[in-house]
Number of protein chains: 4
Amino acid sequence: MITPQVAKEDDELQEECGVVGIHGDPEASRLSYLALHALQHRGQEGAGIVAVNHKGDLESITGVGLVSEVFTESKLNTLPGDIAIGHVRYSTSGASMLKNVQPFIATCKLGSLAVAHNGNFLNYKQLKRKLEENGSIFITSSDTELVLHLIAKSKAKTFLLRILDACEKLRGAFSMVFVFQDKLVAVRDPFGFRPLVMGRRSNGAVVFASETCALDLIDARYEREVCPGEIVVVDRGDVGESSMFMVSHPEPKQCVFEHGYFSQPNSIVFGRSVYETRRMYGEILATVAPVECDVVIAVPDSGTVAALGYAAKAGVPFQIGLLRSHYAKRTFIEPTQKIRDFAVKAKLSPVRSVLEGKRVVVVDDSIVRGTTSLKIVRMLRDAGAKQVHMRIALPPMIASCYYGVDTPRSQELISSKMSVEKIRKHINCDTLAFLPLDSLKQVYGPVESHSYCYACFTGKYPVTEEEEEEENNAERELTAL
Amino acid sequence: MITPQVAKEDDELQEECGVVGIHGDPEASRLSYLALHALQHRGQEGAGIVAVNHKGDLESITGVGLVSEVFTESKLNTLPGDIAIGHVRYSTSGASMLKNVQPFIATCKLGSLAVAHNGNFLNYKQLKRKLEENGSIFITSSDTELVLHLIAKSKAKTFLLRILDACEKLRGAFSMVFVFQDKLVAVRDPFGFRPLVMGRRSNGAVVFASETCALDLIDARYEREVCPGEIVVVDRGDVGESSMFMVSHPEPKQCVFEHGYFSQPNSIVFGRSVYETRRMYGEILATVAPVECDVVIAVPDSGTVAALGYAAKAGVPFQIGLLRSHYAKRTFIEPTQKIRDFAVKAKLSPVRSVLEGKRVVVVDDSIVRGTTSLKIVRMLRDAGAKQVHMRIALPPMIASCYYGVDTPRSQELISSKMSVEKIRKHINCDTLAFLPLDSLKQVYGPVESHSYCYACFTGKYPVTEEEEEEENNAERELTAL
Amino acid sequence: MITPQVAKEDDELQEECGVVGIHGDPEASRLSYLALHALQHRGQEGAGIVAVNHKGDLESITGVGLVSEVFTESKLNTLPGDIAIGHVRYSTSGASMLKNVQPFIATCKLGSLAVAHNGNFLNYKQLKRKLEENGSIFITSSDTELVLHLIAKSKAKTFLLRILDACEKLRGAFSMVFVFQDKLVAVRDPFGFRPLVMGRRSNGAVVFASETCALDLIDARYEREVCPGEIVVVDRGDVGESSMFMVSHPEPKQCVFEHGYFSQPNSIVFGRSVYETRRMYGEILATVAPVECDVVIAVPDSGTVAALGYAAKAGVPFQIGLLRSHYAKRTFIEPTQKIRDFAVKAKLSPVRSVLEGKRVVVVDDSIVRGTTSLKIVRMLRDAGAKQVHMRIALPPMIASCYYGVDTPRSQELISSKMSVEKIRKHINCDTLAFLPLDSLKQVYGPVESHSYCYACFTGKYPVTEEEEEEENNAERELTAL
Amino acid sequence: MITPQVAKEDDELQEECGVVGIHGDPEASRLSYLALHALQHRGQEGAGIVAVNHKGDLESITGVGLVSEVFTESKLNTLPGDIAIGHVRYSTSGASMLKNVQPFIATCKLGSLAVAHNGNFLNYKQLKRKLEENGSIFITSSDTELVLHLIAKSKAKTFLLRILDACEKLRGAFSMVFVFQDKLVAVRDPFGFRPLVMGRRSNGAVVFASETCALDLIDARYEREVCPGEIVVVDRGDVGESSMFMVSHPEPKQCVFEHGYFSQPNSIVFGRSVYETRRMYGEILATVAPVECDVVIAVPDSGTVAALGYAAKAGVPFQIGLLRSHYAKRTFIEPTQKIRDFAVKAKLSPVRSVLEGKRVVVVDDSIVRGTTSLKIVRMLRDAGAKQVHMRIALPPMIASCYYGVDTPRSQELISSKMSVEKIRKHINCDTLAFLPLDSLKQVYGPVESHSYCYACFTGKYPVTEEEEEEENNAERELTAL
């Protein structure tokens, strides 16, 4: 088992991202750009696209900022070709961050190859050490560079077999798209931690994306998920796409936070409507944690759908009790004479006429450190709420995630340190309830519920010691390189 | 009566803006900056602040873009002093637009004075012509420059009396703040077309702003509206603020679109909660235009509150059937192989699981040219809606506004050219209904309803020929200058 | 007589600038842009162009920075038309400087008019006060706005007569170009302080510019100077251009610093080759201030031509003893452990192999405060010079300029406070000599020498009390407005 | 022998750059920034600095543009530590150029290491292929990445020995600085193609730089060149620096173009004053190619010093006949009605008063394709020159350079295709003469002249087949990795 403390040393590797890949469309880079725009909520710090031009060369544009800031019409015009992959990135560190913006391109014996990655390699440090001991250099500080090394080191004859080879050696969460020669390859780790879907445009072009909302924007029809452990290959001039599977085929462990928080409500993720799933969280929450109240409100935007479910089940009107600013940036210049709860107020504004004199249920998706919840409760009371009942549409988060989500260390998670009652007192609400884990599983039913990862609620991580041994085997192989 | 065609020649004068003024706070410019952030929805094209430093000099920063882009900490530091005014601006034209970003500063015989203006002077052209005939020059293309000339030309002894003098000559919509010497002055035209409120911070600082949401963000308590025709003067070292009133005291004609569309739901505008008013629009709409349906959705964000009202009254669940992108910019690069309804799709995404197989009521605030509504209906049908019933929470708009709202020419408004049934066919929805004007007035009751402007629904403009005669008198006075 | 102290209160008005005007070329704005590039040495802080499009509208682009930074191809494309004027600007103050970037456009009774101005109005304050007393407002802090007011206030029937009228009221230095309707007008003040030349392209287009180097770049043939007191009018469809003259026709007083310092060596200014004139300064200096030496070097670039003259006359080799960096910006980040003479060293580098063990004559154009000269001498000695003999190719500057040159107050000029010998000791050179005023006049001969201004060397300003009386008359006229 | 055609396929690898390294100064990064400013003439496309902070971490800032554009005070503040290296870069290709801006940082088994490189590895492709065959990946398109791989692959125990190991394998031109742990290492290839000097500040800090002009600006005393084949190591807390030498010790082949064109005149390069050497080129040229003339002028700036030598020897006055604009950027917007010789005119302006009616000798450093020379001759004639005699202060360039200078392919060099007389006719000058190679060698004398590379004048490249065999050996070794 991976212990949080060790893994957290590489804090910068733990991020949530979005990927896209398009094959067979004459405007592959432009559609990638739109797809990245649709996936912008998965990463706002940087964006990049690599396209394959008619000579088979890989051309790339990457930059810091939003998709609309990184790309201009004239820049996109320098990316011709009918195959492209793209990436949006969350979280970076330091002044030299640009070199960590994906997709990454590398040349090796077989030619040039590019990759975009959403996830986190758990054995990055071990494999990096092995590779370095055998004389490899690492130029970026991103774990994604690792997969390029493994591909280059593989003894297999083709890029495709080498990708398979490399993926067999990797542990952890990875939904990746690759491009090389005339091929686009999409890969999802055997646990299927992070989502990856496949669709098709009416002209036959194949599209891979982290979420279906990206397919919708570019008029691609959703076909299916890339399966956990699957490697889908799309080839030019082929009759269609083909698949390989990695040897490992554990029970899938898909990230339940995608349903509860990350994904867009209009996406289908892990074969389920995010909207419908999130609404059911709210309904069940209303059943297991009812309270006398006058109005149900949400912490927008991620709490809204669950709040609608809660309100409907509770038979209490849903209202917009908190408005989210469309213009709030992370850092806003504050007056020196501190404004109370300024950081939250610049983003969220209470609606007094909804709250005044009311018993309010406020639905949020999660409580991390508790600092924001405390300010929200205070803001609601200041705006006249008579009672504030907080309802969280996911179970208490007690353990850090190592599968691609940027969470604080477990010790910083308020639920790992305090009981629900203590948290309630801390954030000063009248009642507080979380969605119990068992109730959450009801949403998925007795069978499907096994295919999700609940590690952040339980501390029980899917990657066990048994697999670590496998890892040692993998290391032994590498040593032989 | 002002005929639309003539007035529309000065298309660039017709804009919606936001203003703020602060007196008596050591961080006046920084609080103005935050207040402008809260008013950002009233204008995204430019922003500016003028502060009065301890020597009585006016210092200014203006720029093109969002508040967060125009101001930096180091720039704000160049604006010390405890008096400041600010402005956010919507719509500009041409490359030289920066010189039209307010506040404007001018020096005249009595010294320096700055102004920020929300509204539109109907007699701008006539007065400009008179002034030019008497040898004045105009350096900007904004009607706001006019008021500075009138103040400079006034024979009155003090800036204050001259502001009164100037305001008496102006016709149309104007909510303005002025700063000079140690004084802050707030003015609202006799009809009170545009909003302007007054608040106070706990340290005694007086704050004026277009909407109360700006007061909320900077911890100022809302006290009252600036009355139509009132000129409020705040003086340093005074016991409090004092008021003057313009001679003209017609029945107020406040802009009903502020309640229905422009203002933030958490603001109190014209003494009423925007949220509550907008919700009532929706409720009444459900009563007068009911329809069998499975779900009520909104065109976000401005249609959301009315949709909640409609759903509650209709007893049908409200759902998020359309998601608004937080990252959509106005111009997005489109592929050459056109994506259907691209412009709308980049901003709004349908949620299939909410819509599929459903009879959908979709609530919007208005239909302007009808082009967007057509695309929204098509998007909803494409996403599986069985029926689409469009409900507009305001009456049909048939006439252009000359009181500070940037509307197309009357002929371009679809409701001026087509019956409701024709519009329904055009945008291809199953049923279409607007909030009848009489129903709208019910919200305000028999007395208060007289104090609103319905010109855009009726074509009957509050400024009548009778007043034009007054205007001629005003002109005669000017000729005497 | 204008006393320096009073005039220097408006320090920000005193600047050196460059202007251009083009009439009758289909690419008027693009040629203006190139002409401004050629005049870039006259002002690096801001640049602007106003063009008249086919409908007679004035369109403008202005910006802060170098010509190459302000204009892009797409921006220039928004300035069609065959008439344009342009301006480069030196020195600005404050954050709101953009509104002071010329050309200025104003609308008045007769329509729109734009102006670009090189010079300084001595009666700006008086006339501004008068205008303000009569109700005018001033929106910029540039004296150029004044001329627009005077034109608007004039009772004359046409713009042309009003320009004449306005120019008659102005005192001081002004070389200006105006554009309005289909006309381009060039004006030079009766003293002709600042240069202004006229040329013609092979397609018949007329070009005005501060210096002939601008004509050269755009393939325009130099025809003649605009005469002191002349107003040249170029009209569309006319057989040619016509002229008017102001009533006042004093002896011209052209700025000798244009020859000695400001203008490009390849320009013809005041009918003379700048190169030839500057070289003669050097030759005469060698005759009147000879010294035993091994090498003659210049402080580049302005001292180079005089140094060549000195070296030739002295029969001593000229060498490049100081290199000027092409990349030096004004503010460079210095280490905290001070580098000696850093500010000068970032711009100028000594060439040791030229200097080592040598008796060096170093030729510069002027000594202002003396701080730079001191560092140059030290740098030369550090680089091995055995002796350093400084030669200044102009007389000692003892009085501030009020005719468009940005000079420090007279008291700050080292020559106003110290004898040559004291300065020599202060800057620590072996010998120091200036070009005597009488010798300078020899260059021009007994007749022509009267037509130059020597006020900065003598303190005797051309505008005398007698003319101030005229000014009072002008004021009386204005009062009648 | 390397055949030009093959090598030119990697056109983007051939560039001229500048490097700096500082050890033992508390403001190492700030001094590096100033040193890069002094070396700006060696590369204007990009710049970067890597500093070692007190924990031994390498921090980096790199960017596209001039040194003054890439670095700000706040950015430099993020680079604390007393060891730093820096790089300025010329020429890049494609949108993804930022990742090619040096210094490069890599992590390998021994830790992190950074490198900045001026030169060109001739066996880049071969070694890259070998490495790729052994599973290495290349992430940049710069040959500099190669040296990092070689270091990582080396079996030696320390970074230092590995650098030696790597350098033994590299062929071609390389002046490099490395930083790792507490060490700064400077390396120069055995032929010493590119310059690299060493100096010391008064506080004991050691400085390496491409030219001595960088030492001068930061008050470091020039001590000596890094010898061809030398590896100088500077260690913290050491008594001083130590050296190792590569095994190969051929006769040095230093680039004569550094004296004739690249280096700043105030630098000492290869132990010689650039100024003095360049002046001697001009003197000898006057002796071997005299002509009756009235004036000697230069093509500034690189031709100026040779022109001074020519003029002195010929006894004819030197004048400034061509002015170079300080503001010319590479791409300037041209009117559609072409201006003759526009591209040259935007940079160079003729001085008519120097040229008119004169027999002119114009001295330039080289003729590449001949296109610029043709325009210069025409400009001089248009400005009135009666005769134009062109003198080139280096021999005809007939072969492309593979040692770090970005030259066109040999076939594009005009001297490889035409006789001197044909070139004369082509560029239309009255006489044309180059500095004969034998005369050039006279400057250095019979012994020293052997230590320079004349490949571009002779086509005889210092790296011969014999050494290629060695290369094969090197390859064999690599295969063993």
# chains A, B, ... in the order shown; residues from 1 in each chain; ligands from 1
>>> select_by_dssp(residues="range 315-417 of chain A", states="strand (DSSP E or B)", output="PyMOL selection string")
chain A and resi 318+322-324+348-350+359-364+387-392
>>> select_by_dssp(residues="range 258-454 of chain B", states="alpha helix (DSSP H)", output="compact mmCIF listing (two decimals) with C-alpha atoms, in the first residue's frame")
# COMPACT_ATOMS: atom_id res chain seq x y z
CA VAL B 274 -34.51 41.73 -7.87
CA TYR B 275 -34.72 38.04 -6.99
CA GLU B 276 -38.20 38.27 -5.55
CA THR B 277 -39.49 40.40 -8.41
CA ARG B 278 -38.03 38.15 -11.06
CA ARG B 279 -39.43 35.08 -9.32
CA MET B 280 -42.87 36.67 -9.30
CA TYR B 281 -42.59 37.28 -13.04
CA GLY B 282 -42.13 33.53 -13.39
CA GLU B 283 -45.02 32.66 -11.10
CA ILE B 284 -47.45 34.91 -12.92
CA LEU B 285 -46.24 33.59 -16.23
CA ALA B 286 -47.08 30.07 -15.04
CA THR B 287 -50.59 31.25 -14.17
CA VAL B 288 -51.32 33.08 -17.40
CA THR B 304 -33.08 31.03 -13.84
CA VAL B 305 -34.97 32.88 -11.12
CA ALA B 306 -38.10 33.32 -13.24
CA ALA B 307 -37.90 29.64 -14.15
CA LEU B 308 -37.85 28.73 -10.45
CA GLY B 309 -40.96 30.83 -9.97
CA TYR B 310 -42.66 29.22 -12.96
CA ALA B 311 -41.79 25.70 -11.81
CA ALA B 312 -42.97 26.31 -8.25
CA LYS B 313 -46.30 27.73 -9.40
CA ALA B 314 -46.75 25.03 -12.03
CA PHE B 342 -21.92 26.76 -32.86
CA ALA B 343 -22.14 30.28 -31.40
CA VAL B 344 -24.79 29.19 -28.91
CA LYS B 345 -23.23 25.80 -28.22
CA ARG B 352 -29.62 15.18 -22.32
CA SER B 353 -30.62 13.23 -19.23
CA VAL B 354 -32.85 16.12 -18.14
CA LEU B 355 -34.40 16.61 -21.57
CA THR B 371 -31.77 34.17 -33.67
CA THR B 372 -30.60 32.75 -30.35
CA SER B 373 -34.02 31.40 -29.37
CA LEU B 374 -34.19 29.47 -32.63
CA LYS B 375 -30.88 27.77 -31.87
CA ILE B 376 -31.81 27.02 -28.29
CA VAL B 377 -35.03 25.31 -29.34
CA ARG B 378 -33.13 23.25 -31.91
CA MET B 379 -30.49 22.29 -29.36
CA LEU B 380 -33.16 21.16 -26.90
CA ARG B 381 -34.88 19.04 -29.54
CA ASP B 382 -31.54 17.56 -30.65
CA ILE B 414 -38.61 40.32 -33.88
CA SER B 415 -41.68 41.23 -31.83
CA SER B 416 -42.04 44.47 -33.76
CA LYS B 417 -42.38 42.51 -36.98
CA VAL B 420 -46.38 35.69 -31.19
CA GLU B 421 -47.65 32.84 -33.35
CA LYS B 422 -45.34 33.78 -36.19
CA ILE B 423 -42.41 33.97 -33.83
CA ARG B 424 -43.36 30.58 -32.47
CA LYS B 425 -43.26 29.12 -35.93
CA HIS B 426 -40.02 30.91 -36.69
CA ILE B 427 -38.17 29.58 -33.67
CA LEU B 437 -47.76 43.74 -19.76
CA ASP B 438 -50.83 43.88 -17.53
CA SER B 439 -49.60 40.85 -15.63
CA LEU B 440 -46.20 42.44 -15.27
CA LYS B 441 -47.82 45.53 -13.73
CA GLN B 442 -49.66 43.34 -11.23
CA VAL B 443 -46.31 42.57 -9.68
CA TYR B 444 -45.94 46.21 -8.74
CA GLY B 445 -49.55 46.94 -7.87
CA PRO B 446 -51.80 49.76 -9.09
CA VAL B 447 -49.76 52.60 -7.60
CA GLU B 448 -46.13 51.59 -7.93
>>> residues_around(residues="range 429-435 of chain A", least_positions_apart="2", cutoff="6 Å", atoms="only C-alpha atoms", output="compact mmCIF listing (two decimals) with N, CA and C atoms, in the first residue's frame")
# COMPACT_ATOMS: atom_id res chain seq x y z
N LEU A 285 -29.71 11.70 0.08
CA LEU A 285 -29.30 12.53 1.22
C LEU A 285 -30.53 13.09 1.94
N VAL A 388 -29.10 27.21 9.63
CA VAL A 388 -28.34 26.73 8.47
C VAL A 388 -28.04 25.25 8.66
N HIS A 389 -28.57 24.44 7.76
CA HIS A 389 -28.36 22.99 7.82
C HIS A 389 -27.51 22.61 6.62
N MET A 390 -26.28 22.16 6.88
CA MET A 390 -25.41 21.82 5.75
C MET A 390 -25.53 20.34 5.43
N ARG A 391 -25.67 20.08 4.12
CA ARG A 391 -25.76 18.70 3.66
C ARG A 391 -24.70 18.49 2.59
N ILE A 392 -23.88 17.44 2.78
CA ILE A 392 -22.78 17.16 1.86
C ILE A 392 -23.13 15.93 1.05
N ALA A 393 -23.14 16.07 -0.27
CA ALA A 393 -23.65 14.99 -1.13
C ALA A 393 -22.61 13.93 -1.45
N LEU A 394 -21.61 13.78 -0.59
CA LEU A 394 -20.63 12.70 -0.67
C LEU A 394 -20.24 12.34 0.76
N PRO A 395 -19.67 11.16 0.99
CA PRO A 395 -19.24 10.80 2.35
C PRO A 395 -18.07 11.67 2.81
N ARG A 424 -19.42 20.12 12.71
CA ARG A 424 -20.61 20.97 12.77
C ARG A 424 -20.37 22.16 13.69
N ILE A 427 -17.79 24.62 12.03
CA ILE A 427 -18.27 25.51 10.97
C ILE A 427 -19.56 26.20 11.38
>>> closest_residue(among="D:Leu148, D:Ile61, D:Met397, D:Ala116", to="Ala166 in chain D", atoms="only C-alpha atoms")
D:Leu148
>>> residues_around(residues="Val147 in chain C", least_positions_apart="3", cutoff="12 Å", atoms="only C-alpha atoms", output="ChimeraX atom specification")
/B:137 /C:104-106,113-117,120-121,123-124,127-128,131,138,142-144,150-154,162-171,174,176-178,187
>>> interface_residues(of="chain C", to="chain D", cutoff="9 Å", atoms="only C-alpha atoms", output="number ranges by chain")
C: 27, 30-31, 33-34, 37-38, 40-41, 66-68, 72-73, 213, 216-219, 264-267, 273-276, 304-305, 308, 312, 317-323, 325-329, 332-337, 339-340, 342, 345-346, 349-354
>>> residues_around(residues="range 248-262 of chain A", least_positions_apart="5", cutoff="6 Å", atoms="only C-alpha atoms", output="list in words")
Pro190, Phe191, Gly192, Phe193, Val274, Arg278, Ser302, Ser451, Tyr452 and Cys453 of chain A
>>> residues_around(residues="Cys17 in chain A", least_positions_apart="2", cutoff="10 Å", atoms="only C-alpha atoms", output="MDAnalysis selection string")
chainID A and resid 14:15 19 39:47 87:91 116:119 175 194 210 404:405
>>> write_last_selection(atoms="N, CA and C atoms", output="PDB file, in the first residue's frame")
ATOM      1  N   GLN A  14       0.296  15.517  -8.637  1.00  0.00           N
ATOM      2  CA  GLN A  14      -1.068  15.102  -8.384  1.00  0.00           C
ATOM      3  C   GLN A  14      -2.037  16.129  -8.914  1.00  0.00           C
ATOM      4  N   GLU A  15      -2.536  15.850 -10.105  1.00  0.00           N
ATOM      5  CA  GLU A  15      -3.426  16.829 -10.680  1.00  0.00           C
ATOM      6  C   GLU A  15      -4.530  16.165 -11.476  1.00  0.00           C
ATOM      7  N   VAL A  19      -8.011  15.291 -21.473  1.00  0.00           N
ATOM      8  CA  VAL A  19      -7.317  14.957 -22.719  1.00  0.00           C
ATOM      9  C   VAL A  19      -8.325  14.791 -23.849  1.00  0.00           C
ATOM     10  N   LEU A  39     -13.583  20.962 -22.110  1.00  0.00           N
ATOM     11  CA  LEU A  39     -12.969  20.279 -20.962  1.00  0.00           C
ATOM     12  C   LEU A  39     -12.232  21.269 -20.045  1.00  0.00           C
ATOM     13  N   GLN A  40     -12.404  22.540 -20.295  1.00  0.00           N
ATOM     14  CA  GLN A  40     -11.657  23.563 -19.560  1.00  0.00           C
ATOM     15  C   GLN A  40     -11.814  23.419 -18.046  1.00  0.00           C
ATOM     16  N   HIS A  41     -12.993  22.949 -17.575  1.00  0.00           N
ATOM     17  CA  HIS A  41     -13.206  22.797 -16.133  1.00  0.00           C
ATOM     18  C   HIS A  41     -12.253  21.777 -15.517  1.00  0.00           C
ATOM     19  N   ARG A  42     -11.605  20.937 -16.334  1.00  0.00           N
ATOM     20  CA  ARG A  42     -10.674  19.930 -15.799  1.00  0.00           C
ATOM     21  C   ARG A  42      -9.257  20.470 -15.648  1.00  0.00           C
ATOM     22  N   GLY A  43      -9.001  21.704 -16.087  1.00  0.00           N
ATOM     23  CA  GLY A  43      -7.652  22.264 -15.955  1.00  0.00           C
ATOM     24  C   GLY A  43      -7.580  23.625 -16.582  1.00  0.00           C
ATOM     25  N   GLN A  44      -7.183  24.633 -15.797  1.00  0.00           N
ATOM     26  CA  GLN A  44      -7.177  26.003 -16.304  1.00  0.00           C
ATOM     27  C   GLN A  44      -5.783  26.619 -16.363  1.00  0.00           C
ATOM     28  N   GLU A  45      -4.771  25.840 -16.025  1.00  0.00           N
ATOM     29  CA  GLU A  45      -3.444  26.443 -15.906  1.00  0.00           C
ATOM     30  C   GLU A  45      -2.653  26.430 -17.212  1.00  0.00           C
ATOM     31  N   GLY A  46      -2.919  25.467 -18.068  1.00  0.00           N
ATOM     32  CA  GLY A  46      -2.158  25.392 -19.307  1.00  0.00           C
ATOM     33  C   GLY A  46      -2.893  24.521 -20.304  1.00  0.00           C
ATOM     34  N   ALA A  47      -2.533  24.659 -21.569  1.00  0.00           N
ATOM     35  CA  ALA A  47      -3.191  23.875 -22.610  1.00  0.00           C
ATOM     36  C   ALA A  47      -2.225  23.668 -23.755  1.00  0.00           C
ATOM     37  N   HIS A  87      -4.531  18.667 -24.522  1.00  0.00           N
ATOM     38  CA  HIS A  87      -4.438  18.507 -23.075  1.00  0.00           C
ATOM     39  C   HIS A  87      -4.758  19.823 -22.376  1.00  0.00           C
ATOM     40  N   VAL A  88      -5.556  19.778 -21.320  1.00  0.00           N
ATOM     41  CA  VAL A  88      -5.658  20.918 -20.413  1.00  0.00           C
ATOM     42  C   VAL A  88      -5.119  20.486 -19.065  1.00  0.00           C
ATOM     43  N   ARG A  89      -4.451  21.413 -18.411  1.00  0.00           N
ATOM     44  CA  ARG A  89      -3.652  21.055 -17.255  1.00  0.00           C
ATOM     45  C   ARG A  89      -4.043  21.895 -16.054  1.00  0.00           C
ATOM     46  N   TYR A  90      -4.116  21.254 -14.917  1.00  0.00           N
ATOM     47  CA  TYR A  90      -4.395  21.960 -13.678  1.00  0.00           C
ATOM     48  C   TYR A  90      -3.170  21.932 -12.805  1.00  0.00           C
ATOM     49  N   SER A  91      -2.844  23.044 -12.198  1.00  0.00           N
ATOM     50  CA  SER A  91      -1.813  23.100 -11.173  1.00  0.00           C
ATOM     51  C   SER A  91      -0.422  22.931 -11.757  1.00  0.00           C
ATOM     52  N   ALA A 116      -0.518  12.771 -24.207  1.00  0.00           N
ATOM     53  CA  ALA A 116      -1.237  13.619 -23.243  1.00  0.00           C
ATOM     54  C   ALA A 116      -1.828  12.699 -22.198  1.00  0.00           C
ATOM     55  N   HIS A 117      -1.714  13.075 -20.952  1.00  0.00           N
ATOM     56  CA  HIS A 117      -1.963  12.144 -19.852  1.00  0.00           C
ATOM     57  C   HIS A 117      -2.838  12.774 -18.772  1.00  0.00           C
ATOM     58  N   ASN A 118      -3.854  12.062 -18.352  1.00  0.00           N
ATOM     59  CA  ASN A 118      -4.637  12.434 -17.182  1.00  0.00           C
ATOM     60  C   ASN A 118      -4.492  11.314 -16.171  1.00  0.00           C
ATOM     61  N   GLY A 119      -3.887  11.642 -15.022  1.00  0.00           N
ATOM     62  CA  GLY A 119      -3.708  10.598 -14.014  1.00  0.00           C
ATOM     63  C   GLY A 119      -2.440  10.799 -13.216  1.00  0.00           C
ATOM     64  N   SER A 175      -5.272   7.759 -17.981  1.00  0.00           N
ATOM     65  CA  SER A 175      -6.036   7.819 -19.219  1.00  0.00           C
ATOM     66  C   SER A 175      -5.190   8.667 -20.144  1.00  0.00           C
ATOM     67  N   ARG A 194      -9.555   7.047 -14.057  1.00  0.00           N
ATOM     68  CA  ARG A 194      -9.987   8.285 -14.716  1.00  0.00           C
ATOM     69  C   ARG A 194     -10.802   7.945 -15.962  1.00  0.00           C
ATOM     70  N   SER A 210     -11.886  13.029 -22.371  1.00  0.00           N
ATOM     71  CA  SER A 210     -12.101  12.692 -20.966  1.00  0.00           C
ATOM     72  C   SER A 210     -13.581  12.598 -20.630  1.00  0.00           C
ATOM     73  N   GLY A 404      -4.689  10.793  -9.281  1.00  0.00           N
ATOM     74  CA  GLY A 404      -4.852  11.892 -10.232  1.00  0.00           C
ATOM     75  C   GLY A 404      -5.642  13.077  -9.725  1.00  0.00           C
ATOM     76  N   VAL A 405      -6.051  13.055  -8.458  1.00  0.00           N
ATOM     77  CA  VAL A 405      -6.782  14.187  -7.908  1.00  0.00           C
ATOM     78  C   VAL A 405      -5.877  14.935  -6.934  1.00  0.00           C
TER      79      VAL A 405
END
>>> decode(residues="range 142-155 of chain B", atoms="C-alpha atoms", output="PDB file, in the first residue's frame")
ATOM      1  CA  SER B 142     -19.088  59.900 -25.486  1.00  0.00           C
ATOM      2  CA  ASP B 143     -22.147  61.901 -24.505  1.00  0.00           C
ATOM      3  CA  THR B 144     -20.734  62.164 -21.000  1.00  0.00           C
ATOM      4  CA  GLU B 145     -18.356  64.910 -22.109  1.00  0.00           C
ATOM      5  CA  LEU B 146     -21.459  67.100 -22.523  1.00  0.00           C
ATOM      6  CA  VAL B 147     -22.117  67.427 -18.818  1.00  0.00           C
ATOM      7  CA  LEU B 148     -18.583  68.697 -18.248  1.00  0.00           C
ATOM      8  CA  HIS B 149     -19.143  71.458 -20.792  1.00  0.00           C
ATOM      9  CA  LEU B 150     -22.443  72.436 -19.227  1.00  0.00           C
ATOM     10  CA  ILE B 151     -20.812  72.677 -15.815  1.00  0.00           C
ATOM     11  CA  ALA B 152     -17.965  74.781 -17.208  1.00  0.00           C
ATOM     12  CA  LYS B 153     -20.409  77.066 -19.031  1.00  0.00           C
ATOM     13  CA  SER B 154     -22.703  77.567 -16.073  1.00  0.00           C
ATOM     14  CA  LYS B 155     -22.727  81.002 -14.551  1.00  0.00           C
TER      15      LYS B 155
END
